[in-house]
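Novice: My structure is in final06.tsv, and what it holds is TSV, C-alpha atoms and all ligand atoms:
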```tsv
chain	number	residue	atom	x	y	z
A	1	MET	CA	59.55	33.99	-42.43
A	2	THR	CA	59.78	37.65	-41.52
A	3	HIS	CA	60.83	39.11	-38.22
A	4	ALA	CA	57.21	40.14	-37.59
A	5	THR	CA	55.84	36.62	-38.02
A	6	HIS	CA	58.56	35.24	-35.74
A	7	ALA	CA	57.54	37.67	-33.09
A	8	LEU	CA	53.87	36.77	-33.54
A	9	SER	CA	54.60	33.07	-33.35
A	10	ASP	CA	56.38	33.59	-30.02
A	11	GLU	CA	53.52	35.70	-28.78
A	12	ILE	CA	50.99	32.99	-29.65
A	13	THR	CA	53.08	30.38	-27.85
A	14	THR	CA	53.43	32.55	-24.76
A	15	LEU	CA	49.74	33.40	-24.75
A	16	ARG	CA	48.76	29.74	-25.15
A	17	ASP	CA	50.98	28.63	-22.26
A	18	ALA	CA	49.60	31.37	-20.01
A	19	ALA	CA	46.00	30.57	-20.92
A	20	VAL	CA	46.38	26.80	-20.43
A	21	THR	CA	48.18	27.26	-17.10
A	22	ALA	CA	45.51	29.68	-15.88
A	23	LEU	CA	42.68	27.39	-16.95
A	24	ALA	CA	44.25	24.46	-15.08
A	25	THR	CA	43.81	26.32	-11.77
A	26	VAL	CA	40.15	27.18	-12.39
A	27	GLU	CA	37.94	25.42	-9.82
A	28	SER	CA	34.53	27.03	-10.20
A	29	LEU	CA	32.10	27.94	-12.96
A	30	ASP	CA	32.39	31.63	-12.06
A	31	LYS	CA	36.16	31.53	-12.45
A	32	ALA	CA	35.89	29.58	-15.73
A	33	ILE	CA	33.64	32.28	-17.16
A	34	ALA	CA	35.99	34.99	-15.95
A	35	TRP	CA	38.85	33.15	-17.71
A	36	GLU	CA	36.84	32.96	-20.94
A	37	ARG	CA	36.19	36.69	-20.82
A	38	ALA	CA	39.89	37.42	-20.21
A	39	TYR	CA	41.10	35.37	-23.21
A	40	LEU	CA	38.24	34.89	-25.67
A	41	GLY	CA	35.85	37.76	-24.86
A	42	PRO	CA	35.45	40.89	-27.07
A	43	LYS	CA	38.21	42.57	-25.11
A	44	GLY	CA	40.15	39.37	-24.40
A	45	ARG	CA	43.79	38.75	-25.21
A	46	VAL	CA	43.22	36.40	-28.17
A	47	THR	CA	40.72	38.80	-29.70
A	48	SER	CA	43.20	41.65	-29.35
A	49	LEU	CA	45.82	39.50	-31.03
A	50	LEU	CA	43.49	38.88	-33.98
A	51	ARG	CA	42.82	42.59	-34.33
A	52	GLY	CA	46.56	43.25	-34.33
A	53	LEU	CA	47.05	41.11	-37.45
A	54	SER	CA	45.95	44.00	-39.67
A	55	GLY	CA	49.28	45.64	-38.87
A	56	LEU	CA	51.22	42.77	-40.54
A	57	ALA	CA	52.51	42.72	-44.09
A	58	ALA	CA	49.95	41.35	-46.54
A	59	GLU	CA	51.98	38.19	-47.29
A	60	ASP	CA	52.34	37.37	-43.60
A	61	ARG	CA	48.69	37.79	-42.74
A	62	PRO	CA	47.15	34.46	-43.94
A	63	GLN	CA	49.51	32.23	-41.93
A	64	ALA	CA	49.31	34.50	-38.90
A	65	GLY	CA	45.52	34.48	-39.17
A	66	ARG	CA	45.36	30.68	-39.31
A	67	ASP	CA	47.70	30.33	-36.31
A	68	THR	CA	45.73	32.77	-34.22
A	69	GLN	CA	42.39	31.19	-35.18
A	70	ALA	CA	43.82	27.78	-34.32
A	71	LEU	CA	44.78	29.11	-30.87
A	72	ARG	CA	41.34	30.55	-30.44
A	73	ALA	CA	39.69	27.26	-31.39
A	74	GLU	CA	41.94	25.25	-29.08
A	75	LEU	CA	41.29	27.52	-26.10
A	76	ALA	CA	37.53	27.54	-26.80
A	77	GLU	CA	37.55	23.74	-26.83
A	78	ARG	CA	39.52	23.54	-23.59
A	79	PHE	CA	37.17	26.02	-21.99
A	80	GLU	CA	34.08	23.96	-22.99
A	81	ALA	CA	35.65	20.83	-21.53
A	82	VAL	CA	36.40	22.57	-18.23
A	83	ARG	CA	32.96	24.18	-18.07
A	84	GLU	CA	31.24	20.84	-18.69
A	85	ARG	CA	33.32	19.13	-15.98
A	86	LEU	CA	32.56	21.89	-13.46
A	87	ALA	CA	28.83	21.88	-14.28
A	88	VAL	CA	28.60	18.12	-13.72
A	89	ALA	CA	30.50	18.45	-10.44
A	90	ALA	CA	28.17	21.26	-9.28
A	91	ARG	CA	25.09	19.20	-10.10
A	92	GLN	CA	26.42	16.21	-8.20
A	93	ARG	CA	27.25	18.41	-5.23
A	94	HIS	CA	23.66	19.73	-5.14
A	95	LEU	CA	22.22	16.22	-5.37
A	96	ALA	CA	24.47	15.06	-2.54
A	97	GLU	CA	23.37	18.00	-0.37
A	98	ASP	CA	19.68	17.28	-0.98
A	99	ALA	CA	19.98	13.53	-0.69
A	100	ILE	CA	17.69	11.70	1.78
A	101	ASP	CA	19.07	8.68	3.55
A	102	VAL	CA	16.08	6.34	3.35
A	103	THR	CA	17.77	3.90	5.71
A	104	LEU	CA	17.64	6.35	8.64
A	105	PRO	CA	14.86	5.69	11.20
A	106	GLY	CA	11.89	8.06	10.79
A	107	ARG	CA	11.20	10.89	13.18
A	108	PRO	CA	8.35	9.92	15.52
A	109	VAL	CA	5.08	11.68	14.65
A	110	ALA	CA	2.64	12.30	17.47
A	111	ILE	CA	-0.64	10.84	16.24
A	112	GLY	CA	-3.87	11.45	18.07
A	113	ALA	CA	-6.26	8.85	19.38
A	114	ALA	CA	-10.03	8.69	19.20
A	115	HIS	CA	-11.83	10.21	22.19
A	116	PRO	CA	-13.23	7.61	24.63
A	117	VAL	CA	-16.76	8.77	23.81
A	118	SER	CA	-16.13	8.26	20.07
A	119	ARG	CA	-14.67	4.82	20.78
A	120	MET	CA	-17.67	3.82	22.87
A	121	ILE	CA	-20.07	5.06	20.18
A	122	ASP	CA	-18.26	2.81	17.69
A	123	GLU	CA	-18.51	-0.08	20.15
A	124	VAL	CA	-22.28	0.26	20.70
A	125	ILE	CA	-22.92	0.75	16.97
A	126	GLU	CA	-21.15	-2.59	16.46
A	127	ILE	CA	-23.15	-4.32	19.23
A	128	PHE	CA	-26.48	-3.08	17.88
A	129	ALA	CA	-25.55	-3.85	14.28
A	130	HIS	CA	-25.49	-7.52	15.31
A	131	LEU	CA	-29.02	-7.07	16.69
A	132	GLY	CA	-30.24	-5.62	13.38
A	133	PHE	CA	-30.17	-1.94	14.37
A	134	GLN	CA	-28.92	0.74	12.00
A	135	ALA	CA	-27.18	3.86	13.34
A	136	VAL	CA	-28.74	7.19	12.26
A	137	PHE	CA	-27.66	10.71	13.12
A	138	GLY	CA	-29.69	13.88	13.49
A	139	PRO	CA	-29.31	17.63	13.98
A	140	GLU	CA	-28.14	18.97	17.34
A	141	VAL	CA	-30.06	22.20	16.72
A	142	GLU	CA	-33.71	21.16	16.67
A	143	THR	CA	-37.18	22.61	16.54
A	144	ALA	CA	-39.50	22.29	19.51
A	145	ARG	CA	-41.80	20.30	17.21
A	146	TYR	CA	-39.36	17.38	17.00
A	147	ASN	CA	-37.78	17.81	20.42
A	148	PHE	CA	-41.14	18.00	22.26
A	149	ASP	CA	-44.42	18.15	20.30
A	150	LEU	CA	-44.05	14.93	18.31
A	151	LEU	CA	-42.88	13.14	21.45
A	152	ASN	CA	-46.19	13.70	23.19
A	153	ILE	CA	-44.88	16.69	25.15
A	154	PRO	CA	-47.18	19.58	24.13
A	155	ALA	CA	-46.39	23.23	24.87
A	156	ASN	CA	-47.38	24.27	28.40
A	157	HIS	CA	-47.29	20.64	29.49
A	158	PRO	CA	-45.51	20.48	32.86
A	159	ALA	CA	-43.34	17.63	31.51
A	160	ARG	CA	-41.49	20.19	29.37
A	161	ASP	CA	-39.98	21.69	32.48
A	162	VAL	CA	-38.23	18.39	33.21
A	163	TRP	CA	-35.86	19.14	30.37
A	164	ASP	CA	-33.95	22.30	31.21
A	165	THR	CA	-33.80	23.45	27.66
A	166	ILE	CA	-31.21	25.72	26.03
A	167	ILE	CA	-33.08	27.99	23.59
A	168	VAL	CA	-31.24	29.06	20.43
A	169	GLU	CA	-31.64	32.77	19.65
A	170	SER	CA	-33.21	33.06	16.21
A	171	GLU	CA	-36.02	34.78	14.33
A	172	ARG	CA	-38.23	31.87	15.33
A	173	ASP	CA	-38.94	31.21	18.98
A	174	ASP	CA	-39.00	27.42	18.73
A	175	VAL	CA	-35.35	26.53	18.04
A	176	VAL	CA	-33.52	24.64	20.77
A	177	LEU	CA	-30.41	22.59	21.34
A	178	ARG	CA	-31.87	19.10	21.44
A	179	THR	CA	-32.32	17.93	25.02
A	180	HIS	CA	-32.13	14.28	23.96
A	181	THR	CA	-31.64	12.23	20.79
A	182	SER	CA	-35.35	11.33	20.80
A	183	PRO	CA	-36.25	13.86	18.03
A	184	MET	CA	-34.78	11.28	15.66
A	185	GLN	CA	-37.67	8.96	16.56
A	186	ALA	CA	-40.16	11.09	14.63
A	187	ARG	CA	-37.62	12.09	11.97
A	188	THR	CA	-36.94	8.41	11.27
A	189	MET	CA	-40.56	7.25	11.35
A	190	GLU	CA	-41.62	10.08	9.01
A	191	ARG	CA	-39.10	8.77	6.50
A	192	ILE	CA	-39.64	5.00	6.59
A	193	GLN	CA	-42.37	2.43	7.25
A	194	PRO	CA	-42.06	-0.39	9.84
A	195	PRO	CA	-40.12	-2.46	10.63
A	196	VAL	CA	-37.94	0.23	12.25
A	197	ARG	CA	-34.74	-0.63	14.12
A	198	VAL	CA	-32.42	2.31	14.68
A	199	ILE	CA	-30.01	3.63	17.26
A	200	VAL	CA	-29.14	7.33	17.48
A	201	PRO	CA	-25.86	8.25	19.13
A	202	GLY	CA	-25.22	11.96	19.55
A	203	ARG	CA	-24.67	15.02	21.67
A	204	SER	CA	-27.51	16.43	23.72
A	205	TYR	CA	-27.73	19.57	25.81
A	206	ARG	CA	-29.40	20.63	29.04
A	207	TYR	CA	-29.24	23.86	31.00
A	208	GLU	CA	-27.64	22.34	34.09
A	209	ALA	CA	-25.20	23.30	36.81
A	210	GLN	CA	-22.12	21.13	36.37
A	211	ASP	CA	-21.01	18.62	38.96
A	212	ALA	CA	-19.50	15.13	39.00
A	213	SER	CA	-22.67	13.61	37.54
A	214	HIS	CA	-24.17	16.53	35.57
A	215	GLU	CA	-22.91	18.24	32.41
A	216	TRP	CA	-24.65	20.72	30.13
A	217	MET	CA	-23.46	18.59	27.20
A	218	PHE	CA	-23.54	14.80	27.16
A	219	THR	CA	-23.77	12.01	24.62
A	220	GLN	CA	-26.98	10.05	24.44
A	221	LEU	CA	-27.68	6.74	22.84
A	222	GLU	CA	-31.26	6.45	21.65
A	223	GLY	CA	-32.82	3.20	20.52
A	224	LEU	CA	-36.11	2.65	18.68
A	225	ALA	CA	-37.77	-0.50	17.34
A	226	VAL	CA	-41.27	-0.50	15.81
A	227	ASP	CA	-42.93	-3.50	14.22
A	228	GLU	CA	-45.92	-5.79	14.68
A	229	HIS	CA	-45.96	-7.78	17.93
A	230	ILE	CA	-43.11	-5.99	19.70
A	231	THR	CA	-43.38	-6.32	23.48
A	232	LEU	CA	-41.60	-5.23	26.65
A	233	ALA	CA	-39.84	-8.61	26.62
A	234	ASP	CA	-38.11	-7.64	23.34
A	235	LEU	CA	-36.91	-4.42	24.98
A	236	LYS	CA	-35.53	-6.34	27.95
A	237	GLY	CA	-33.82	-8.86	25.69
A	238	VAL	CA	-32.12	-6.14	23.64
A	239	LEU	CA	-30.93	-4.20	26.70
A	240	GLN	CA	-29.73	-7.40	28.35
A	241	GLU	CA	-27.71	-8.32	25.26
A	242	MET	CA	-26.22	-4.81	25.20
A	243	ALA	CA	-25.31	-5.07	28.91
A	244	ARG	CA	-23.68	-8.48	28.42
A	245	GLN	CA	-21.64	-7.27	25.45
A	246	LEU	CA	-20.52	-4.20	27.37
A	247	PHE	CA	-20.06	-5.52	30.91
A	248	GLY	CA	-19.74	-9.30	30.71
A	249	PRO	CA	-21.80	-12.44	30.02
A	250	ARG	CA	-23.47	-12.77	33.45
A	251	ARG	CA	-25.09	-9.32	33.55
A	252	ARG	CA	-28.78	-9.00	34.37
A	253	VAL	CA	-31.12	-6.08	33.62
A	254	ARG	CA	-33.71	-4.73	36.05
A	255	PHE	CA	-36.77	-2.67	35.10
A	256	ARG	CA	-38.60	-0.37	37.50
A	257	CYS	CA	-41.63	1.76	36.69
A	258	ASP	CA	-40.91	5.32	35.64
A	259	PHE	CA	-42.65	8.05	33.66
A	260	PHE	CA	-41.66	9.57	30.32
A	261	PRO	CA	-44.35	11.22	28.16
A	262	PHE	CA	-43.34	9.39	24.98
A	263	VAL	CA	-43.56	5.85	26.39
A	264	GLU	CA	-46.33	3.85	28.04
A	265	PRO	CA	-45.48	1.97	30.18
A	266	GLY	CA	-42.19	3.64	31.02
A	267	VAL	CA	-39.32	2.11	32.98
A	268	ASP	CA	-35.89	2.97	34.21
A	269	PHE	CA	-33.38	0.22	33.75
A	270	ALA	CA	-30.34	-0.86	35.71
A	271	VAL	CA	-27.62	-3.47	35.24
A	272	ASP	CA	-26.34	-5.57	38.11
A	273	CYS	CA	-22.93	-4.45	39.29
A	274	ALA	CA	-20.09	-6.29	37.55
A	275	ILE	CA	-17.62	-5.38	40.28
A	276	CYS	CA	-19.43	-7.05	43.21
A	277	GLU	CA	-21.65	-9.35	41.12
A	278	GLY	CA	-24.68	-7.73	42.75
A	279	ALA	CA	-23.55	-8.25	46.35
A	280	GLY	CA	-23.11	-4.52	46.99
A	281	CYS	CA	-19.96	-2.39	46.89
A	282	ARG	CA	-18.76	1.21	46.89
A	283	VAL	CA	-19.32	1.68	43.11
A	284	CYS	CA	-22.96	0.54	43.22
A	285	LYS	CA	-23.48	2.26	46.58
A	286	GLN	CA	-24.18	-1.14	48.19
A	287	SER	CA	-27.31	-1.60	46.05
A	288	GLY	CA	-25.89	-4.21	43.67
A	289	TRP	CA	-27.38	-2.28	40.71
A	290	LEU	CA	-26.16	0.53	38.46
A	291	GLU	CA	-28.78	2.84	36.92
A	292	MET	CA	-28.35	3.04	33.14
A	293	GLY	CA	-31.23	5.01	31.61
A	294	GLY	CA	-34.88	5.24	30.71
A	295	ALA	CA	-37.02	3.13	28.36
A	296	GLY	CA	-40.51	1.90	27.61
A	297	MET	CA	-43.09	1.02	24.99
A	298	VAL	CA	-43.57	3.79	22.41
A	299	HIS	CA	-46.67	5.83	23.31
A	300	PRO	CA	-49.54	5.34	20.80
A	301	ASN	CA	-49.69	9.13	20.30
A	302	VAL	CA	-46.06	9.13	19.08
A	303	LEU	CA	-46.89	6.45	16.51
A	304	ARG	CA	-50.10	8.19	15.47
A	305	VAL	CA	-48.55	11.60	14.67
A	306	VAL	CA	-46.13	10.07	12.16
A	307	GLY	CA	-48.95	8.12	10.49
A	308	TYR	CA	-48.33	4.68	12.00
A	309	ASP	CA	-51.39	2.70	13.06
A	310	PRO	CA	-51.02	2.02	16.82
A	311	ALA	CA	-53.55	-0.80	16.54
A	312	ARG	CA	-51.19	-2.63	14.23
A	313	TYR	CA	-47.74	-1.52	15.36
A	314	THR	CA	-46.03	-1.44	18.71
A	315	GLY	CA	-42.52	-0.45	19.58
A	316	PHE	CA	-39.97	0.20	22.28
A	317	ALA	CA	-37.56	3.06	22.85
A	318	PHE	CA	-34.68	3.56	25.23
A	319	GLY	CA	-32.13	6.22	26.04
A	320	LEU	CA	-28.90	6.15	28.01
A	321	GLY	CA	-25.70	8.14	28.36
A	322	ILE	CA	-22.57	7.01	26.49
A	323	GLU	CA	-20.42	8.66	29.18
A	324	ARG	CA	-22.37	6.70	31.81
A	325	ILE	CA	-21.38	3.42	30.13
A	326	ILE	CA	-17.70	4.43	30.14
A	327	MET	CA	-17.90	5.56	33.79
A	328	MET	CA	-19.38	2.22	34.82
A	329	LYS	CA	-17.03	0.14	32.70
A	330	TYR	CA	-13.80	1.88	33.69
A	331	GLY	CA	-14.66	3.29	37.11
A	332	VAL	CA	-14.58	6.98	36.08
A	333	ASP	CA	-16.19	9.00	38.88
A	334	ASP	CA	-16.48	12.48	37.32
A	335	LEU	CA	-18.56	13.18	34.21
A	336	ARG	CA	-16.69	16.47	33.68
A	337	ALA	CA	-13.52	14.54	32.76
A	338	PHE	CA	-14.84	13.75	29.27
A	339	ALA	CA	-14.96	17.35	28.06
A	340	GLY	CA	-12.09	18.47	30.30
A	341	ASN	CA	-9.35	18.12	27.67
A	342	ASP	CA	-6.94	16.59	30.19
A	343	LEU	CA	-4.69	14.39	28.06
A	344	ARG	CA	-3.60	12.35	31.10
A	345	PHE	CA	-7.23	11.23	31.45
A	346	LEU	CA	-7.86	10.72	27.73
A	347	ARG	CA	-4.63	8.77	27.10
A	348	GLN	CA	-5.72	5.99	29.46
A	349	PHE	CA	-8.46	5.07	27.01
A	350	ALA	CA	-6.16	5.10	23.98
A	351	ARG	CA	-4.73	1.94	25.53
A	352	ALA	CA	-7.77	0.61	27.36
A	353	VAL	CA	-10.19	0.46	24.46
A	354	VAL	CA	-9.24	-0.93	21.08
M	1	ZN	ZN	-21.24	-3.27	43.18
```
Translate the structure of the given file into structure tokens.

Specialist:
Amino acid sequence: MTHATHALSDEITTLRDAAVTALATVESLDKAIAWERAYLGPKGRVTSLLRGLSGLAAEDRPQAGRDTQALRAELAERFEAVRERLAVAARQRHLAEDAIDVTLPGRPVAIGAAHPVSRMIDEVIEIFAHLGFQAVFGPEVETARYNFDLLNIPANHPARDVWDTIIVESERDDVVLRTHTSPMQARTMERIQPPVRVIVPGRSYRYEAQDASHEWMFTQLEGLAVDEHITLADLKGVLQEMARQLFGPRRRVRFRCDFFPFVEPGVDFAVDCAICEGAGCRVCKQSGWLEMGGAGMVHPNVLRVVGYDPARYTGFAFGLGIERIIMMKYGVDDLRAFAGNDLRFLRQFARAVV
């Protein structure tokens, strides 16, 4: 072995020890890559050593070349091992950082509750479903034809003034916000033949000054039954059943004569006060009765305009306020509370009504 190959052999040993020692301290992928560049890169120390071999004597070159290549291979292998270990560790660290502890209790989410009016609509739909009535829903923006004409309230008839109507600005002059849910009477009867048994819950609108018992928007419940042989007794039976389901099994219903253009005869109906059992108290203003709404036998003209034969068919209709039911049932004394968006008021019903 020549002096030159001795010197090279020492250099390889020194370089290997330095590289292995340096690699042992590497603790990140960045530093591992920097180490690779320093030793194995195009300008790295092992590469420089290989280039230097051309300066050796021809007979020394093969052995020197093998030794240097062996060093290069060993360091490359060590580097791969370190890089793999660091990559696995980095991946595990990321997973640990993103991990979700599924055993921790969840954060409470504030969920809303149905509005008391929506809950009461659901309740009356259920009550009337047991009586064979189907719930139907109609447009809140109506034409005067359905809101008035087909309900036996012709234009210029003084009865139209009873409903303080909100007119909708449009190219036509006959578009209104419905003043009651009664337009669905004609809309339903145009669509189907008797027997008819429907209820219509929905918003209605009147041009009114607001106070504790008046709102420009309220929720009406309409009822309509048309068939052969329907009488006022059927109407009373249905309203009595509704009152008993809503206010208790002993409730009684009272009819008194009233006038509405689309019924004949017309009545207003009241339920005896559940609080004082009819004896008289503050809630019923000592009368023993609570006014609920209007009703009556469907006027023959209303049947005729939708093509029903009034000689064969009779029917009853009724209308009442959903808010009024809630006020009576839970002792609410101000109608404005329902659209007032006061959560303290609304939350009481989230517990009271299921
Ligand atoms: Zn009372």

Novice: Counting all atoms listed in the file, what is within 7 Å of Phe262 (chain A), bar same-chain residues fewer than 3 positions away, as JSON, numbers by chain?

Specialist: {"A": [151, 152, 298, 299, 302]}

Novice: So which residues are near ligand ZN 1 (chain M), meaning at most 9 Å away with only C-alpha atoms and all ligand atoms counted, given back as a list in words?

Specialist: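 My answer, listing the contacting residues, is Asp272, Cys273, Ala274, Ile275, Cys276, Glu277, Gly278, Ala279, Gly280, Cys281, Arg282, Val283, Cys284, Lys285, Gln286, Ser287, Gly288, Trp289 and Leu290 of chain A.
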
Novice: Given the choices A:Ala243, A:Leu224, A:Ala233, A:Val267, which gets closest to Leu303 (chain A) if the distance is worked out from all atoms listed in the file?

Specialist: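 For Leu303 (chain A), the nearest of the given residues is A:Leu224.
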
Novice: Fewer than 4 positions away in the same chain doesn't count, so skip those; otherwise give me all residues within 9 Å of Ala113 (chain A), counting all atoms listed in the file, as a list in words.

Specialist: Leu346, Arg347, Phe349 and Ala350 of chain A

Novice: Quick check, in Å to one decimal: how far apart do CA of Gln185 (chain A) and CA of Arg206 (chain A) lie?

Specialist: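 The value is 19.0 Å.
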
Novice: For Glu323 (chain A), work out the shell of residues within 8 Å, counting only C-alpha atoms and skipping chain neighbours fewer than 4 positions away, then give it as a PyMOL selection string.

Specialist: chain A and resi 117+218-219+327+335+338
